[in-house]
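See below for coords_1.pdb, which holds PDB, C-alpha atoms.
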```
ATOM      1  CA  MET A  92       0.000   0.000   0.000
ATOM      2  CA  ARG A  93       1.236   3.433  -0.803
ATOM      3  CA  ARG A  94       2.332   5.038   2.450
ATOM      4  CA  MET A  95       0.693   8.317   3.380
ATOM      5  CA  LEU A  96       2.736  11.437   4.125
ATOM      6  CA  LEU A  97       5.811  10.012   2.406
ATOM      7  CA  VAL A  98       7.116  11.529  -0.758
ATOM      8  CA  ALA A  99       9.012   8.489  -1.943
ATOM      9  CA  LEU A 100      11.115   7.800  -4.986
ATOM     10  CA  LEU A 101      13.065   4.699  -5.837
ATOM     11  CA  VAL A 102      16.261   5.822  -7.482
ATOM     12  CA  LEU A 103      18.594   3.426  -9.203
ATOM     13  CA  VAL A 104      21.693   5.543  -9.519
ATOM     14  CA  SER A 105      24.524   4.036 -11.501
ATOM     15  CA  LEU A 106      27.826   5.849 -11.421
ATOM     16  CA  GLY A 107      28.549   4.130 -14.697
ATOM     17  CA  GLY A 108      26.327   6.595 -16.557
ATOM     18  CA  ALA A 109      22.669   6.224 -15.488
ATOM     19  CA  ALA A 110      20.402   9.152 -16.250
ATOM     20  CA  LEU A 111      20.296  10.291 -12.604
ATOM     21  CA  SER A 112      23.981   9.877 -11.859
ATOM     22  CA  GLY A 113      26.074  12.902 -11.058
ATOM     23  CA  HIS A 114      29.736  13.449 -11.694
ATOM     24  CA  ALA A 115      32.804  13.552  -9.510
ATOM     25  CA  PRO A 116      34.313  16.992  -8.859
ATOM     26  CA  ASP A 117      37.332  16.284 -11.031
ATOM     27  CA  ALA A 118      36.341  13.411 -13.297
ATOM     28  CA  ALA A 119      33.411  11.693 -14.899
ATOM     29  CA  GLY A 120      31.324   9.795 -12.395
ATOM     30  CA  THR A 121      32.101   6.188 -13.112
ATOM     31  CA  ALA A 122      32.301   3.183 -10.848
ATOM     32  CA  ALA A 123      35.374   1.029 -10.540
ATOM     33  CA  PRO A 124      35.601  -1.777 -13.132
ATOM     34  CA  GLY A 125      33.250  -4.574 -12.151
ATOM     35  CA  ALA A 126      31.638  -2.559  -9.350
ATOM     36  CA  ASP A 127      27.935  -2.899  -8.696
ATOM     37  CA  PRO A 128      25.699   0.102  -9.406
ATOM     38  CA  ILE A 129      24.598   2.249  -6.500
ATOM     39  CA  LYS A 130      20.949   1.757  -5.607
ATOM     40  CA  VAL A 131      19.546   4.427  -3.259
ATOM     41  CA  ARG A 132      15.966   5.078  -2.189
ATOM     42  CA  VAL A 133      15.145   8.515  -0.803
ATOM     43  CA  GLU A 134      12.067   9.444   1.231
ATOM     44  CA  LEU A 135      11.030  12.863   2.504
ATOM     45  CA  THR A 136       9.370  12.497   5.917
ATOM     46  CA  GLN A 137       8.454  14.702   8.861
ATOM     47  CA  GLY A 138       7.899  13.903  12.527
ATOM     48  CA  ARG A 139       6.496  16.012  15.356
ATOM     49  CA  VAL A 140       9.893  17.386  16.342
ATOM     50  CA  ASP A 141      10.559  18.315  12.722
ATOM     51  CA  GLU A 142       7.335  20.344  12.611
ATOM     52  CA  VAL A 143       8.560  22.509  15.483
ATOM     53  CA  ARG A 144      12.033  22.926  13.989
ATOM     54  CA  HIS A 145      10.799  23.597  10.442
ATOM     55  CA  THR A 146      12.801  20.629   9.177
ATOM     56  CA  VAL A 147      12.263  17.369   7.315
ATOM     57  CA  GLN A 148      14.081  14.069   7.401
ATOM     58  CA  ILE A 149      15.850  12.880   4.294
ATOM     59  CA  SER A 150      15.454   9.130   4.782
ATOM     60  CA  MET A 151      17.895   7.106   2.698
ATOM     61  CA  HIS A 152      18.027   3.382   1.963
ATOM     62  CA  ASN A 153      20.957   1.614   0.316
ATOM     63  CA  ASP A 154      19.506  -1.234  -1.738
ATOM     64  CA  GLY A 155      22.833  -2.044  -3.398
ATOM     65  CA  PRO A 156      25.486  -4.552  -2.301
ATOM     66  CA  ALA A 157      28.233  -2.031  -1.497
ATOM     67  CA  LYS A 158      28.682   0.285   1.488
ATOM     68  CA  LEU A 159      28.199   3.996   0.836
ATOM     69  CA  VAL A 160      28.906   7.213   2.685
ATOM     70  CA  VAL A 161      26.748  10.278   2.026
ATOM     71  CA  GLN A 162      29.062  13.192   2.764
ATOM     72  CA  GLN A 163      26.643  16.012   2.011
ATOM     73  CA  ILE A 164      22.921  16.366   1.463
ATOM     74  CA  GLU A 165      20.679  19.210   0.367
ATOM     75  CA  LEU A 166      17.004  19.660  -0.329
ATOM     76  CA  ARG A 167      16.878  21.906  -3.380
ATOM     77  CA  ALA A 168      13.370  23.335  -3.382
ATOM     78  CA  PRO A 169      13.012  26.482  -5.516
ATOM     79  CA  SER A 170       9.766  27.485  -3.763
ATOM     80  CA  PHE A 171      11.639  27.935  -0.465
ATOM     81  CA  LYS A 172      14.543  30.138   0.570
ATOM     82  CA  GLY A 173      17.108  30.260   3.339
ATOM     83  CA  VAL A 174      18.668  26.792   3.190
ATOM     84  CA  GLY A 175      21.802  25.166   1.855
ATOM     85  CA  PRO A 176      23.806  21.926   1.924
ATOM     86  CA  VAL A 177      24.264  19.986   5.150
ATOM     87  CA  LYS A 178      27.354  17.944   6.015
ATOM     88  CA  ALA A 179      26.104  14.439   6.655
ATOM     89  CA  ASP A 180      28.794  11.728   7.075
ATOM     90  CA  ALA A 181      25.919   9.242   6.862
ATOM     91  CA  TRP A 182      27.022   5.621   6.483
ATOM     92  CA  LEU A 183      24.636   3.578   4.366
ATOM     93  CA  PRO A 184      25.177  -0.148   4.855
ATOM     94  CA  PRO A 185      23.770  -2.481   2.215
ATOM     95  CA  GLY A 186      20.426  -4.138   2.791
ATOM     96  CA  GLY A 187      18.095  -1.142   2.785
ATOM     97  CA  LEU A 188      18.590  -0.022   6.395
ATOM     98  CA  GLN A 189      17.039   3.446   6.771
ATOM     99  CA  VAL A 190      19.354   6.319   7.692
ATOM    100  CA  ASP A 191      17.812   9.727   8.386
ATOM    101  CA  VAL A 192      19.432  13.136   8.042
ATOM    102  CA  PRO A 193      17.455  16.208   9.198
ATOM    103  CA  VAL A 194      17.553  19.238   6.912
ATOM    104  CA  ALA A 195      15.784  22.580   6.931
ATOM    105  CA  TYR A 196      13.399  23.290   4.088
ATOM    106  CA  GLY A 197      13.437  27.052   4.526
ATOM    107  CA  THR A 198      10.681  29.633   4.243
ATOM    108  CA  GLY A 199       8.085  29.534   1.506
ATOM    109  CA  ILE A 200       8.344  32.103  -1.291
ATOM    110  CA  CYS A 201       4.835  33.549  -1.644
ATOM    111  CA  THR A 202       3.519  35.828  -4.350
ATOM    112  CA  GLY A 203       0.133  37.502  -4.182
ATOM    113  CA  ASP A 204      -2.666  36.128  -2.029
ATOM    114  CA  ASP A 205      -2.751  32.529  -3.282
ATOM    115  CA  LEU A 206      -3.540  30.375  -0.230
ATOM    116  CA  HIS A 207      -3.073  27.058  -2.060
ATOM    117  CA  PRO A 208       0.131  27.426  -4.087
ATOM    118  CA  ARG A 209       1.915  24.502  -5.703
ATOM    119  CA  ALA A 210       5.586  23.994  -4.942
ATOM    120  CA  ALA A 211       7.992  23.936  -7.868
ATOM    121  CA  ALA A 212       9.784  20.702  -8.730
ATOM    122  CA  ALA A 213      12.438  19.848  -6.129
ATOM    123  CA  THR A 214      15.442  17.545  -5.908
ATOM    124  CA  VAL A 215      17.659  15.983  -3.260
ATOM    125  CA  ALA A 216      21.351  16.545  -3.952
ATOM    126  CA  LEU A 217      23.703  13.904  -2.543
ATOM    127  CA  ARG A 218      27.482  13.793  -2.458
ATOM    128  CA  VAL A 219      28.265  10.078  -2.245
ATOM    129  CA  GLN A 220      31.536   8.260  -1.610
ATOM    130  CA  THR A 221      31.881   4.630  -2.650
ATOM    131  CA  GLU A 222      34.112   1.990  -1.084
ATOM    132  CA  ASN A 223      36.861   2.671  -3.614
ATOM    133  CA  GLY A 224      37.048   6.304  -2.433
ATOM    134  CA  GLN A 225      35.371   7.835  -5.472
ATOM    135  CA  VAL A 226      33.080  10.826  -4.746
ATOM    136  CA  SER A 227      30.168  11.755  -6.995
ATOM    137  CA  ASP A 228      27.431  14.402  -6.900
ATOM    138  CA  VAL A 229      23.971  12.997  -7.583
ATOM    139  CA  GLN A 230      20.712  14.838  -8.231
ATOM    140  CA  VAL A 231      17.622  12.885  -7.166
ATOM    141  CA  PRO A 232      14.325  14.423  -8.328
ATOM    142  CA  LEU A 233      11.324  14.264  -6.012
ATOM    143  CA  ALA A 234       7.860  13.483  -7.292
ATOM    144  CA  THR A 235       5.943  16.390  -8.828
ATOM    145  CA  PRO A 236       3.420  17.495  -7.701
ATOM    146  CA  ASN A 237       4.723  17.021  -4.171
ATOM    147  CA  PRO A 238       1.976  16.952  -1.498
ATOM    148  CA  MET A 239       4.391  17.484   1.398
ATOM    149  CA  LEU A 240       6.140  20.505  -0.092
ATOM    150  CA  ASP A 241       2.758  21.853  -1.237
ATOM    151  CA  LYS A 242       1.584  21.640   2.370
ATOM    152  CA  PHE A 243       4.650  23.453   3.727
ATOM    153  CA  LEU A 244       4.319  26.191   1.127
ATOM    154  CA  ALA A 245       0.588  26.630   1.791
ATOM    155  CA  ILE A 246       1.201  26.958   5.544
ATOM    156  CA  ASP A 247       3.793  29.689   5.029
ATOM    157  CA  CYS A 248       1.779  31.556   2.414
ATOM    158  CA  GLN A 249      -1.412  31.405   4.441
ATOM    159  CA  GLN A 250       0.441  32.777   7.468
ATOM    160  CA  ALA A 251       2.034  35.541   5.393
ATOM    161  CA  TYR A 252      -1.392  36.455   4.042
ATOM    162  CA  LEU A 253      -2.965  36.602   7.513
ATOM    163  CA  ASP A 254      -0.068  38.682   8.844
ATOM    164  CA  ARG A 255      -0.937  41.302   6.235
ATOM    165  CA  GLN A 256      -4.543  41.402   7.464
ATOM    166  CA  ALA A 257      -4.312  41.274  11.269
ATOM    167  CA  THR A 258      -2.135  40.203  14.181
ATOM    168  CA  PHE A 259      -3.163  37.747  16.891
ATOM    169  CA  THR A 260      -1.163  38.207  20.069
ATOM    170  CA  PHE A 261      -1.359  38.074  23.844
ATOM    171  CA  GLY A 262      -1.822  41.115  26.099
ATOM    172  CA  PRO A 263      -0.360  42.033  29.528
ATOM    173  CA  TRP A 264      -0.245  39.348  32.217
ATOM    174  CA  THR A 265      -1.372  39.257  35.841
ATOM    175  CA  HIS A 266      -0.137  36.453  38.084
ATOM    176  CA  LEU A 267      -2.880  34.970  40.275
ATOM    177  CA  PRO A 268      -2.526  33.426  43.772
ATOM    178  CA  SER A 269      -3.523  30.067  42.274
ATOM    179  CA  GLY A 270      -0.342  30.090  40.194
ATOM    180  CA  TRP A 271      -2.286  30.708  36.998
ATOM    181  CA  VAL A 272      -1.923  33.819  34.876
ATOM    182  CA  GLN A 273      -4.598  36.136  33.532
ATOM    183  CA  GLY A 274      -4.320  38.212  30.382
ATOM    184  CA  THR A 275      -5.926  38.875  27.003
ATOM    185  CA  VAL A 276      -5.835  37.704  23.412
ATOM    186  CA  VAL A 277      -5.551  40.757  21.180
ATOM    187  CA  VAL A 278      -6.749  40.936  17.561
ATOM    188  CA  HIS A 279      -5.245  44.010  15.868
ATOM    189  CA  ARG A 280      -6.256  45.034  12.364
ATOM    190  CA  THR A 281      -3.300  45.637  10.042
ATOM    191  CA  GLY A 282      -4.803  45.585   6.549
ATOM    192  CA  PHE A 283      -8.120  43.828   6.142
ATOM    193  CA  LYS A 284     -11.064  46.249   6.092
ATOM    194  CA  GLY A 285     -13.913  43.796   6.633
ATOM    195  CA  THR A 286     -15.063  41.577   9.499
ATOM    196  CA  ILE A 287     -12.362  39.521  11.242
ATOM    197  CA  THR A 288     -13.739  36.587  13.236
ATOM    198  CA  LEU A 289     -11.603  34.758  15.769
ATOM    199  CA  GLN A 290     -13.521  31.504  15.845
ATOM    200  CA  GLU A 291     -11.460  29.719  18.458
ATOM    201  CA  PHE A 292      -8.056  29.378  20.065
ATOM    202  CA  VAL A 293      -6.706  26.506  22.123
ATOM    203  CA  GLY A 294      -3.866  25.827  24.510
ATOM    204  CA  SER A 295      -0.549  24.137  23.941
ATOM    205  CA  ILE A 296       0.264  20.580  24.920
ATOM    206  CA  LEU A 297       1.001  21.788  28.484
ATOM    207  CA  LEU A 298      -0.932  25.013  28.977
ATOM    208  CA  GLU A 299      -4.673  25.490  28.780
ATOM    209  CA  VAL A 300      -5.858  28.840  27.393
ATOM    210  CA  LEU A 301      -9.534  29.688  27.885
ATOM    211  CA  PRO A 302     -11.711  32.798  27.607
ATOM    212  CA  THR A 303     -13.094  34.134  30.876
ATOM    213  CA  PRO A 304     -15.358  34.040  32.710
ATOM    214  CA  LEU A 305     -17.125  31.073  31.070
ATOM    215  CA  ARG A 306     -14.004  29.066  30.167
ATOM    216  CA  GLU A 307     -15.116  25.838  28.406
ATOM    217  CA  ALA A 308     -18.694  27.091  28.185
ATOM    218  CA  THR A 309     -17.710  30.142  26.136
ATOM    219  CA  PRO A 310     -19.742  30.176  22.904
ATOM    220  CA  LYS A 311     -17.962  30.355  19.557
ATOM    221  CA  PRO A 312     -16.816  32.471  17.869
ATOM    222  CA  TYR A 313     -14.681  33.839  20.675
ATOM    223  CA  GLY A 314     -14.579  37.313  19.175
ATOM    224  CA  VAL A 315     -15.588  39.423  16.177
ATOM    225  CA  LEU A 316     -13.776  42.564  15.018
ATOM    226  CA  PRO A 317     -16.279  44.553  12.916
ATOM    227  CA  PRO A 318     -15.367  46.963  10.103
ATOM    228  CA  GLY A 319     -14.214  50.351  11.352
ATOM    229  CA  THR A 320     -12.803  48.934  14.624
ATOM    230  CA  GLY A 321      -9.078  48.557  14.970
ATOM    231  CA  GLU A 322      -8.653  46.188  17.903
ATOM    232  CA  LEU A 323     -10.418  43.475  19.881
ATOM    233  CA  LYS A 324      -9.411  42.160  23.322
ATOM    234  CA  ILE A 325     -10.623  38.848  24.734
ATOM    235  CA  PRO A 326      -9.971  38.179  28.459
ATOM    236  CA  ILE A 327      -8.330  34.797  29.070
ATOM    237  CA  ILE A 328      -6.802  32.641  31.758
ATOM    238  CA  VAL A 329      -3.808  30.325  31.322
ATOM    239  CA  ASP A 330      -3.498  27.360  33.670
ATOM    240  CA  GLY A 331      -1.629  24.084  33.952
ATOM    241  CA  GLU A 332      -4.662  21.796  33.820
ATOM    242  CA  ARG A 333      -3.232  19.988  30.799
ATOM    243  CA  CYS A 334      -0.043  19.161  32.678
ATOM    244  CA  THR A 335       0.358  15.397  32.952
ATOM    245  CA  PRO A 336       3.418  13.125  32.920
ATOM    246  CA  HIS A 337       2.589  12.270  29.313
ATOM    247  CA  ALA A 338       2.359  15.956  28.369
ATOM    248  CA  LEU A 339       5.713  16.625  30.042
ATOM    249  CA  ALA A 340       7.250  13.838  27.986
ATOM    250  CA  GLU A 341       5.821  15.463  24.843
ATOM    251  CA  ILE A 342       6.993  19.007  25.647
ATOM    252  CA  LYS A 343       8.178  19.619  22.079
ATOM    253  CA  LYS A 344       5.519  22.330  21.579
ATOM    254  CA  PRO A 345       5.117  24.116  24.928
ATOM    255  CA  TYR A 346       4.398  27.506  23.343
ATOM    256  CA  VAL A 347       2.353  26.664  20.237
ATOM    257  CA  PHE A 348      -1.183  28.035  20.570
ATOM    258  CA  PRO A 349      -3.364  27.298  17.508
ATOM    259  CA  ALA A 350      -6.151  29.639  16.452
ATOM    260  CA  TRP A 351      -8.714  29.690  13.640
ATOM    261  CA  VAL A 352      -9.760  32.878  11.872
ATOM    262  CA  SER A 353     -12.192  33.817   9.120
ATOM    263  CA  LEU A 354     -12.342  36.999   7.042
ATOM    264  CA  ASP A 355     -15.781  38.296   6.037
ATOM    265  CA  GLY A 356     -17.319  34.904   6.809
ATOM    266  CA  GLY A 357     -14.936  33.003   4.535
ATOM    267  CA  PRO A 358     -13.334  29.622   5.266
ATOM    268  CA  LEU A 359     -11.461  29.132   8.532
ATOM    269  CA  LEU A 360      -7.753  29.845   8.269
ATOM    270  CA  TYR A 361      -5.222  28.387  10.675
ATOM    271  CA  THR A 362      -2.781  30.604  12.525
ATOM    272  CA  GLU A 363      -0.965  30.639  15.876
ATOM    273  CA  LEU A 364      -1.051  33.209  18.644
ATOM    274  CA  LYS A 365       2.302  35.007  18.575
ATOM    275  CA  ILE A 366       4.682  34.377  21.466
ATOM    276  CA  THR A 367       7.201  36.903  22.794
ATOM    277  CA  ASP A 368       9.688  36.842  25.667
ATOM    278  CA  ALA A 369       6.929  38.300  27.879
ATOM    279  CA  GLU A 370       4.790  35.193  27.331
ATOM    280  CA  VAL A 371       7.677  32.819  27.958
ATOM    281  CA  ALA A 372       8.412  34.610  31.244
ATOM    282  CA  ALA A 373       4.731  34.611  32.272
ATOM    283  CA  PHE A 374       4.198  30.936  31.480
ATOM    284  CA  LYS A 375       7.444  29.653  32.997
ATOM    285  CA  PRO A 376       6.187  29.511  36.632
ATOM    286  CA  VAL A 377       3.135  27.540  35.490
ATOM    287  CA  ILE A 378       5.313  25.030  33.635
ATOM    288  CA  ASP A 379       7.851  24.855  36.495
ATOM    289  CA  ALA A 380       5.058  24.117  38.985
ATOM    290  CA  CYS A 381       3.737  21.441  36.650
ATOM    291  CA  ALA A 382       7.136  19.789  36.365
ATOM    292  CA  ALA A 383       7.730  19.951  40.138
ATOM    293  CA  GLY A 384       4.373  18.377  40.842
ATOM    294  CA  HIS A 385       5.162  15.339  38.715
ATOM    295  CA  THR A 386       8.818  14.845  39.730
ATOM    296  CA  GLN A 387       8.517  14.970  43.524
ATOM    297  CA  MET A 388       9.351  11.665  45.208
TER     298      MET A 388
END
```
Whole structure, structure tokens version:
Amino acid sequence: MRRMLLVALLVLVSLGGAALSGHAPDAAGTAAPGADPIKVRVELTQGRVDEVRHTVQISMHNDGPAKLVVQQIELRAPSFKGVGPVKADAWLPPGGLQVDVPVAYGTGICTGDDLHPRAAAATVALRVQTENGQVSDVQVPLATPNPMLDKFLAIDCQQAYLDRQATFTFGPWTHLPSGWVQGTVVVHRTGFKGTITLQEFVGSILLEVLPTPLREATPKPYGVLPPGTGELKIPIIVDGERCTPHALAEIKKPYVFPAWVSLDGGPLLYTELKITDAEVAAFKPVIDACAAGHTQM
């Protein structure tokens, strides 16, 4: 069965002159006499940690009989900027064992207000050393269209579009005797002239964020900024009710607070409430208390 969320390509790369083979820096890319062709499979995957770090894993499999060393790897994606080659020193034993190398995919290049752009054709560039010491540069094309790169580009372009319309941030904080903190979610108009609806926002994996005074019973949408009004403030409370040993073990996204917005009643658009040093400082005692409560003997 075709695996979901994997952009996979089986590449049979022969240094003896296959169509996808590269060339050595100082000579034609050819294998030693009698050597077996290099057979490499490349998969583009992303885990939860990668989402936070804005990276992907280049997963490589050596299906040939000879040992390989990938010295350098690069995701060459023209629809993204801000990345370059990564030194790898990744040993690929024969037999198809998967070896992962994390690489950044950069920031999406967005033009206009297209919220569903298609990423341009991309390749994975490998610098491979064979057992005889020969080094060759290989270009491995990824499938086009590419659902994973399309998704990354759409996320960046949607966020860039929303940033031109309004900002979604937190307001000043008040520390409560309970150890919780009280503040506001602020919607500030920056460009859009019509109605901005903040349908909902939610907490992170550790911190619960709820409107007050009704908390979970608050009806949706949480707030509406009508035309002619520049700013909307929604009172909130942040507590550690989500703090569990499991949540502490999954603390990869302690400060990611999703929100859903619509413009003039259009489709819901995903964004995240912006975090500054003030939020990190305000939330730290809540997280510290959570951690202490689950690590005491």
Tell me, as a CSV table (one decimal) with C-alpha atoms, keeping the file's coordinate frame, which residues lie within 9 Å of Val192 in chain A, counting all atoms listed in the file; anything in the same chain fewer than 4 positions away does not count.
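Output file around.csv follows:
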```
chain,number,residue,atom,x,y,z
A,147,VAL,CA,12.3,17.4,7.3
A,148,GLN,CA,14.1,14.1,7.4
A,149,ILE,CA,15.8,12.9,4.3
A,150,SER,CA,15.5,9.1,4.8
A,151,MET,CA,17.9,7.1,2.7
A,164,ILE,CA,22.9,16.4,1.5
A,177,VAL,CA,24.3,20.0,5.2
A,179,ALA,CA,26.1,14.4,6.7
A,181,ALA,CA,25.9,9.2,6.9
```
>> I want to know what sits within 8 Å of Val215 in chain A, based on only C-alpha atoms, with residues of the same chain fewer than 2 positions away left out; could you give that as a PyMOL selection string?
In response: chain A and resi 164-167+213+217+230-233
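The two atoms in question, CA of Thr202 in chain A and CA of Thr367 in chain A, are spaced 27.4 Å apart.
Each of A:Thr146, A:Val219, A:Ala350, A:Glu332 was checked against Gly270 in chain A using only C-alpha atoms; the smallest atom-to-atom distance is that of A:Glu332.
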> Given the choices A:Gln273, A:Thr198, A:Gln162, A:Gln189, which gets closest to Ala216 in chain A if the distance is worked out from all atoms listed in the file?
Replying inline: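 Going through A:Gln273, A:Thr198, A:Gln162, A:Gln189 one by one, the smallest distance to Ala216 in chain A is for A:Gln162.
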> When the PyMOL selection byres ((chain A and resi 274-282) around 8) is applied to the file above, which residues end up in the set, as a list of chain:residue names?
Replying inline: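 Selection result, ordered by chain and number: A:Asp254, A:Arg255, A:Gln256, A:Ala257, A:Thr258, A:Phe259, A:Thr260, A:Phe261, A:Gly262, A:Pro263, A:Trp264, A:Thr265, A:Val272, A:Gln273, A:Phe283, A:Lys284, A:Leu316, A:Thr320, A:Gly321, A:Glu322, A:Leu323, A:Lys324, A:Ile325, A:Pro326, A:Ile327, A:Ile328, A:Val329.
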> So what do you get for CA of Leu301 in chain A versus CA of Glu363 in chain A, distance-wise?
Replying inline: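 The value is 14.8 Å.
Each of A:Leu267, A:Cys381, A:Val140, A:Ala212 was checked against Pro238 in chain A using only C-alpha atoms; the smallest atom-to-atom distance is that of A:Ala212.
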>> So that I can check the surroundings of Pro345 in chain A, please list as a list in words every protein, DNA and RNA residue that reaches within 8 Å of it, counting all atoms listed in the file and ignoring chain neighbours fewer than 3 positions away.
In response: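 Using all atoms listed in the file, the neighbours found are Ser295, Ile296, Leu297, Leu298 and Ile342 of chain A.
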> CA of Ala210 in chain A and CA of Leu240 in chain A are how many Å apart?
Replying inline: 6.0 Å
Name the residues that the PyMOL selection byres ((chain A and resi 152) around 7) picks from the file above, as a PDB file with C-alpha atoms, in the frame of the given file, using the file's chain letters and numbers.
```pdb
ATOM      1  CA  VAL A 131      19.546   4.427  -3.259  1.00  0.00           C
ATOM      2  CA  ARG A 132      15.966   5.078  -2.189  1.00  0.00           C
ATOM      3  CA  VAL A 133      15.145   8.515  -0.803  1.00  0.00           C
ATOM      4  CA  SER A 150      15.454   9.130   4.782  1.00  0.00           C
ATOM      5  CA  MET A 151      17.895   7.106   2.698  1.00  0.00           C
ATOM      6  CA  ASN A 153      20.957   1.614   0.316  1.00  0.00           C
ATOM      7  CA  ASP A 154      19.506  -1.234  -1.738  1.00  0.00           C
ATOM      8  CA  GLY A 187      18.095  -1.142   2.785  1.00  0.00           C
ATOM      9  CA  LEU A 188      18.590  -0.022   6.395  1.00  0.00           C
ATOM     10  CA  GLN A 189      17.039   3.446   6.771  1.00  0.00           C
ATOM     11  CA  VAL A 190      19.354   6.319   7.692  1.00  0.00           C
TER      12      VAL A 190
END
```
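Selecting by distance to (-15.4, 33.2, 8.3) with a limit of 12 Å and using all atoms listed in the file, one obtains Gly285, Thr286, Ile287, Thr288, Leu289, Gln290, Glu291, Lys311, Pro312, Gly314, Val315, Leu316, Trp351, Val352, Ser353, Leu354, Asp355, Gly356, Gly357, Pro358, Leu359, Leu360 and Tyr361 of chain A.
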>> My list of candidates is A:Asp180, A:Asp247, A:Glu222, A:Asp228. Which is closest to Tyr196 in chain A when distances are computed with all atoms listed in the file?
In response: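 Once distances to Tyr196 in chain A are computed over all atoms listed in the file, the minimum belongs to A:Asp247.
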> Of the candidates A:Thr309, A:Tyr346, A:Asp330, A:Asp379, which shows the shortest atom-to-atom distance to Val143 in chain A, using only C-alpha atoms?
Replying inline: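 The shortest atom-to-atom distance to Val143 in chain A comes from A:Tyr346.
In this comparison, which uses all atoms listed in the file, the residue of A:Pro310, A:Arg209, A:Trp271, A:Ala245 approaching Thr362 in chain A most closely is A:Ala245.
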Could you work out an axis-aligned bounding box for all listed atoms of range 166-173 of chain A, with 8 Å added on each of the six sides, and give its centre and edge lengths in Å to one decimal, as AutoDock Vina command-line options?
```
--center_x 13.4 --center_y 25.0 --center_z -1.1 --size_x 23.3 --size_y 26.6 --size_z 24.9
```
> Mind telling me what the PyMOL selection byres ((chain A and resi 244) around 12) catches here, as a ChimeraX atom specification?
Replying inline: /A:145,168-172,196-202,205-211,237-243,245-251
N, CA and C atoms modelled onto range 208-224 of chain A, as a JSON list (two decimals), in the frame of the given file:
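See selection-v4.json below for the written result:
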```json
[["chain", "number", "residue", "atom", "x", "y", "z"],
["A", 208, "PRO", "N", -0.87, 27.47, -3.01],
["A", 208, "PRO", "CA", 0.13, 27.43, -4.09],
["A", 208, "PRO", "C", 0.68, 26.01, -4.27],
["A", 209, "ARG", "N", 1.23, 25.76, -5.43],
["A", 209, "ARG", "CA", 1.92, 24.50, -5.70],
["A", 209, "ARG", "C", 3.42, 24.74, -5.70],
["A", 210, "ALA", "N", 4.13, 23.87, -5.00],
["A", 210, "ALA", "CA", 5.59, 23.99, -4.94],
["A", 210, "ALA", "C", 6.21, 23.57, -6.26],
["A", 211, "ALA", "N", 7.26, 24.29, -6.66],
["A", 211, "ALA", "CA", 7.99, 23.94, -7.87],
["A", 211, "ALA", "C", 8.72, 22.61, -7.67],
["A", 212, "ALA", "N", 9.08, 21.98, -8.78],
["A", 212, "ALA", "CA", 9.78, 20.70, -8.73],
["A", 212, "ALA", "C", 11.06, 20.82, -7.90],
["A", 213, "ALA", "N", 11.30, 19.82, -7.05],
["A", 213, "ALA", "CA", 12.44, 19.85, -6.13],
["A", 213, "ALA", "C", 13.29, 18.60, -6.31],
["A", 214, "THR", "N", 14.52, 18.68, -5.85],
["A", 214, "THR", "CA", 15.44, 17.55, -5.91],
["A", 214, "THR", "C", 16.17, 17.40, -4.58],
["A", 215, "VAL", "N", 16.73, 16.22, -4.37],
["A", 215, "VAL", "CA", 17.66, 15.98, -3.26],
["A", 215, "VAL", "C", 19.04, 15.79, -3.87],
["A", 216, "ALA", "N", 19.98, 16.62, -3.45],
["A", 216, "ALA", "CA", 21.35, 16.55, -3.95],
["A", 216, "ALA", "C", 22.21, 15.79, -2.94],
["A", 217, "LEU", "N", 22.86, 14.74, -3.40],
["A", 217, "LEU", "CA", 23.70, 13.90, -2.54],
["A", 217, "LEU", "C", 25.14, 13.94, -3.04],
["A", 218, "ARG", "N", 26.07, 14.02, -2.13],
["A", 218, "ARG", "CA", 27.48, 13.79, -2.46],
["A", 218, "ARG", "C", 27.86, 12.46, -1.83],
["A", 219, "VAL", "N", 28.12, 11.46, -2.68],
["A", 219, "VAL", "CA", 28.26, 10.08, -2.24],
["A", 219, "VAL", "C", 29.68, 9.59, -2.48],
["A", 220, "GLN", "N", 30.23, 8.91, -1.47],
["A", 220, "GLN", "CA", 31.54, 8.26, -1.61],
["A", 220, "GLN", "C", 31.34, 6.75, -1.60],
["A", 221, "THR", "N", 31.96, 6.08, -2.57],
["A", 221, "THR", "CA", 31.88, 4.63, -2.65],
["A", 221, "THR", "C", 33.07, 4.01, -1.94],
["A", 222, "GLU", "N", 33.06, 2.69, -1.84],
["A", 222, "GLU", "CA", 34.11, 1.99, -1.08],
["A", 222, "GLU", "C", 35.50, 2.20, -1.68],
["A", 223, "ASN", "N", 35.55, 2.47, -2.99],
["A", 223, "ASN", "CA", 36.86, 2.67, -3.61],
["A", 223, "ASN", "C", 37.37, 4.11, -3.45],
["A", 224, "GLY", "N", 36.62, 4.94, -2.69],
["A", 224, "GLY", "CA", 37.05, 6.30, -2.43],
["A", 224, "GLY", "C", 36.53, 7.33, -3.42]]
```
